[in-house]
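Just query17.tsv here, TSV, C-alpha atoms:
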```tsv
chain	number	residue	atom	x	y	z
D	1176	MET	CA	79.02	86.67	109.32
D	1177	THR	CA	77.55	84.16	106.90
D	1178	ARG	CA	78.66	80.55	106.82
D	1179	PHE	CA	80.30	81.19	103.43
D	1180	HIS	CA	82.39	84.05	104.80
D	1181	ALA	CA	83.41	81.95	107.82
D	1182	VAL	CA	84.51	79.04	105.61
D	1183	LYS	CA	86.23	81.42	103.19
D	1184	LYS	CA	88.14	83.05	106.02
D	1185	ARG	CA	89.32	79.65	107.28
D	1186	ILE	CA	90.37	78.05	103.99
D	1187	PHE	CA	91.29	80.72	101.41
D	1188	GLY	CA	94.85	80.98	102.71
D	1189	VAL	CA	95.34	77.22	102.51
D	1190	LEU	CA	93.88	77.12	98.99
D	1191	GLU	CA	96.17	79.98	97.91
D	1192	THR	CA	99.11	77.83	99.01
D	1193	TYR	CA	97.92	74.45	97.69
D	1194	VAL	CA	96.35	75.34	94.32
D	1195	PRO	CA	99.56	76.55	92.57
D	1196	VAL	CA	101.55	73.59	93.92
D	1197	VAL	CA	98.93	71.05	92.82
D	1198	ALA	CA	98.73	72.71	89.39
D	1199	ARG	CA	102.50	72.46	89.01
D	1200	VAL	CA	102.74	68.85	90.23
D	1201	HIS	CA	99.62	67.38	88.58
D	1202	GLY	CA	98.78	69.78	85.74
D	1203	ALA	CA	100.50	67.72	83.05
D	1204	HIS	CA	98.46	64.60	83.84
D	1205	HIS	CA	95.32	66.42	84.95
D	1206	PRO	CA	94.97	69.48	82.69
D	1207	GLU	CA	91.48	70.09	84.10
D	1208	PHE	CA	93.18	71.28	87.28
D	1209	HIS	CA	94.38	74.40	85.44
D	1210	GLU	CA	90.72	75.30	84.95
D	1211	VAL	CA	90.08	74.59	88.64
D	1212	SER	CA	92.93	76.98	89.44
D	1213	ARG	CA	91.49	79.68	87.15
D	1214	LEU	CA	88.03	79.32	88.71
D	1215	PHE	CA	89.43	79.53	92.23
D	1216	ALA	CA	91.19	82.77	91.24
D	1217	GLU	CA	87.86	84.14	89.95
D	1218	ILE	CA	86.06	83.12	93.15
D	1219	LYS	CA	88.74	84.75	95.25
D	1220	ALA	CA	88.70	87.98	93.22
D	1221	LYS	CA	84.90	88.27	93.25
D	1222	THR	CA	84.76	87.50	96.97
D	1223	GLU	CA	87.36	90.14	97.77
D	1224	ALA	CA	85.59	92.70	95.57
D	1225	ALA	CA	82.28	92.01	97.33
D	1226	GLY	CA	83.71	92.66	100.80
D	1227	GLN	CA	81.07	91.63	103.35
D	1228	GLU	CA	78.36	91.38	100.68
D	1229	ARG	CA	77.47	88.06	99.11
D	1230	PRO	CA	79.43	87.63	95.85
D	1231	GLU	CA	77.71	86.16	92.78
D	1232	LEU	CA	79.52	82.83	92.38
D	1233	ALA	CA	76.82	80.43	91.16
D	1234	ARG	CA	78.39	80.17	87.69
D	1235	GLU	CA	81.89	79.48	89.04
D	1236	PHE	CA	80.70	76.78	91.43
D	1237	ALA	CA	78.58	75.15	88.69
D	1238	GLN	CA	81.65	75.04	86.45
D	1239	LEU	CA	83.78	73.61	89.26
D	1240	ARG	CA	81.24	70.85	89.88
D	1241	GLN	CA	81.19	70.02	86.17
D	1242	ILE	CA	84.98	70.07	85.69
D	1243	THR	CA	85.66	68.02	88.83
D	1244	ASP	CA	82.74	65.60	88.43
D	1245	ASN	CA	81.31	66.94	91.70
D	1246	TYR	CA	84.73	67.12	93.35
D	1247	THR	CA	85.63	63.48	92.63
D	1248	VAL	CA	89.32	63.01	93.42
D	1249	PRO	CA	91.30	61.14	90.74
D	1250	GLY	CA	92.93	57.95	91.96
D	1251	ASP	CA	96.49	58.92	91.03
D	1252	VAL	CA	96.95	62.18	92.94
D	1253	CYS	CA	98.46	63.34	96.21
D	1254	GLU	CA	96.74	64.30	99.45
D	1255	SER	CA	97.08	68.00	98.62
D	1256	TYR	CA	95.02	67.53	95.44
D	1257	ALA	CA	92.35	65.73	97.47
D	1258	ALA	CA	92.47	68.49	100.11
D	1259	VAL	CA	91.90	71.18	97.46
D	1260	TYR	CA	88.81	69.38	96.17
D	1261	ALA	CA	87.51	68.88	99.74
D	1262	MET	CA	87.98	72.58	100.56
D	1263	LEU	CA	86.37	73.73	97.30
D	1264	SER	CA	83.45	71.39	97.94
D	1265	GLU	CA	83.05	72.78	101.46
D	1266	LEU	CA	83.16	76.33	100.10
D	1267	ASP	CA	80.57	75.44	97.44
D	1268	GLU	CA	78.29	73.88	100.05
D	1269	ALA	CA	78.63	76.90	102.36
D	1270	TYR	CA	77.83	79.25	99.48
D	1271	HIS	CA	74.63	77.41	98.66
D	1272	ALA	CA	73.56	76.90	102.30
```
Would you mind writing the file's structure down as structure tokens?
Amino acid sequence: MTRFHAVKKRIFGVLETYVPVVARVHGAHHPEFHEVSRLFAEIKAKTEAAGQERPELAREFAQLRQITDNYTVPGDVCESYAAVYAMLSELDEAYHA
């Protein structure tokens, strides 16, 4: 199993729980998070469709890095928001490893 698949297996469930909550709580003040949510949904769908093959996610991760300023956590958000960015960054790093 690749590092990406190992990281995905460990954190996708947590992201599926956190992302909608963070979007609901912070979306009004951080509308960019709705785009983060959409991109995570794309990553998840492409990963599931690829099965054990390597999904093509370079575009999605590039967009995430741009939207989040390389996963920089805003100063006025909760720990869950920060955790989502940390997990997405870890997933991005594993994908490109």
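Atom CA of D:Gly1188 sits 22.2 Å away from atom CA of D:Thr1247.
The residue that comes closest to D:Phe1215, out of D:His1271, D:Arg1234, D:Arg1185, D:His1180 and on the basis of only C-alpha atoms, is D:Arg1234.
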For stretch 1236-1241 of chain D: contacts at 10 Å, all atoms listed in the file, fewer than 3 positions along chain excluded, given as a PDB file with C-alpha atoms, in the frame of the given file:
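Writing the result to out.pdb gives the following:
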```
ATOM      1  CA  GLU D1207      91.480  70.090  84.100  1.00  0.00           C
ATOM      2  CA  PHE D1208      93.180  71.280  87.280  1.00  0.00           C
ATOM      3  CA  GLU D1210      90.720  75.300  84.950  1.00  0.00           C
ATOM      4  CA  VAL D1211      90.080  74.590  88.640  1.00  0.00           C
ATOM      5  CA  SER D1212      92.930  76.980  89.440  1.00  0.00           C
ATOM      6  CA  LEU D1214      88.030  79.320  88.710  1.00  0.00           C
ATOM      7  CA  PHE D1215      89.430  79.530  92.230  1.00  0.00           C
ATOM      8  CA  ILE D1218      86.060  83.120  93.150  1.00  0.00           C
ATOM      9  CA  GLU D1231      77.710  86.160  92.780  1.00  0.00           C
ATOM     10  CA  LEU D1232      79.520  82.830  92.380  1.00  0.00           C
ATOM     11  CA  ALA D1233      76.820  80.430  91.160  1.00  0.00           C
ATOM     12  CA  ASP D1244      82.740  65.600  88.430  1.00  0.00           C
ATOM     13  CA  ASN D1245      81.310  66.940  91.700  1.00  0.00           C
ATOM     14  CA  TYR D1246      84.730  67.120  93.350  1.00  0.00           C
ATOM     15  CA  THR D1247      85.630  63.480  92.630  1.00  0.00           C
ATOM     16  CA  TYR D1260      88.810  69.380  96.170  1.00  0.00           C
ATOM     17  CA  LEU D1263      86.370  73.730  97.300  1.00  0.00           C
ATOM     18  CA  SER D1264      83.450  71.390  97.940  1.00  0.00           C
ATOM     19  CA  LEU D1266      83.160  76.330 100.100  1.00  0.00           C
ATOM     20  CA  ASP D1267      80.570  75.440  97.440  1.00  0.00           C
ATOM     21  CA  GLU D1268      78.290  73.880 100.050  1.00  0.00           C
ATOM     22  CA  TYR D1270      77.830  79.250  99.480  1.00  0.00           C
ATOM     23  CA  HIS D1271      74.630  77.410  98.660  1.00  0.00           C
TER      24      HIS D1271
END
```
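Here atom CA of D:Arg1178 and atom CA of D:Ala1269 stand 5.8 Å from one another.
Our summary of the geometry notes that atom CA of D:Leu1190 is positioned 19.7 Å from atom CA of D:Arg1229.
Among the candidates D:Lys1219, D:His1205, D:Lys1183, D:Arg1213, the one nearest to D:Gly1250 when counting all atoms listed in the file is D:His1205.
Comparing D:Thr1243, D:Glu1217, D:Pro1230, D:Thr1222 by their smallest distance to D:Val1259, the closest is D:Thr1243 (using only C-alpha atoms).
When the distance limit is 12 Å and only C-alpha atoms are what count, the residues near D:Arg1199, minus those fewer than 3 positions from it on the same chain, are Thr1192, Tyr1193, Val1194, Pro1195, Val1196, Gly1202, Ala1203, His1204, His1205, Pro1206, Phe1208, His1209, Ser1212, Ser1255 and Tyr1256 of chain D.
Taking only C-alpha atoms into account, D:Pro1249 lies nearest to D:His1201 out of the set D:Gly1226, D:His1201, D:Glu1235, D:Lys1221.
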Student task, stretch 1218-1256 of chain D output with C-alpha atoms as a CSV table (one decimal), in the first residue's frame:
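As written to disk, out.csv reads:
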```csv
chain,number,residue,atom,x,y,z
D,1218,ILE,CA,-10.5,14.1,-4.0
D,1219,LYS,CA,-12.6,11.5,-2.1
D,1220,ALA,CA,-14.6,10.6,-5.2
D,1221,LYS,CA,-11.6,10.2,-7.5
D,1222,THR,CA,-9.8,8.2,-4.8
D,1223,GLU,CA,-12.7,5.8,-4.4
D,1224,ALA,CA,-13.1,5.5,-8.2
D,1225,ALA,CA,-9.4,4.6,-8.5
D,1226,GLY,CA,-9.6,1.8,-6.0
D,1227,GLN,CA,-6.0,0.7,-5.3
D,1228,GLU,CA,-4.6,2.6,-8.3
D,1229,ARG,CA,-3.1,6.0,-7.9
D,1230,PRO,CA,-5.8,8.7,-8.6
D,1231,GLU,CA,-4.9,11.8,-10.6
D,1232,LEU,CA,-5.2,14.5,-8.0
D,1233,ALA,CA,-2.5,17.0,-8.9
D,1234,ARG,CA,-5.0,19.7,-10.0
D,1235,GLU,CA,-7.1,19.4,-6.8
D,1236,PHE,CA,-4.1,19.6,-4.5
D,1237,ALA,CA,-2.7,22.6,-6.4
D,1238,GLN,CA,-6.0,24.3,-6.0
D,1239,LEU,CA,-6.2,23.5,-2.3
D,1240,ARG,CA,-2.7,25.0,-1.8
D,1241,GLN,CA,-3.7,28.1,-3.6
D,1242,ILE,CA,-7.1,28.6,-1.9
D,1243,THR,CA,-5.6,27.9,1.6
D,1244,ASP,CA,-2.3,29.8,1.1
D,1245,ASN,CA,-0.5,26.5,1.5
D,1246,TYR,CA,-2.7,25.4,4.4
D,1247,THR,CA,-2.3,28.5,6.5
D,1248,VAL,CA,-4.8,28.4,9.3
D,1249,PRO,CA,-6.7,31.7,9.8
D,1250,GLY,CA,-6.3,33.2,13.2
D,1251,ASP,CA,-10.0,33.3,14.1
D,1252,VAL,CA,-11.0,29.7,13.7
D,1253,CYS,CA,-11.5,26.6,15.9
D,1254,GLU,CA,-9.3,23.6,16.4
D,1255,SER,CA,-11.4,21.6,14.0
D,1256,TYR,CA,-10.7,24.0,11.1
```
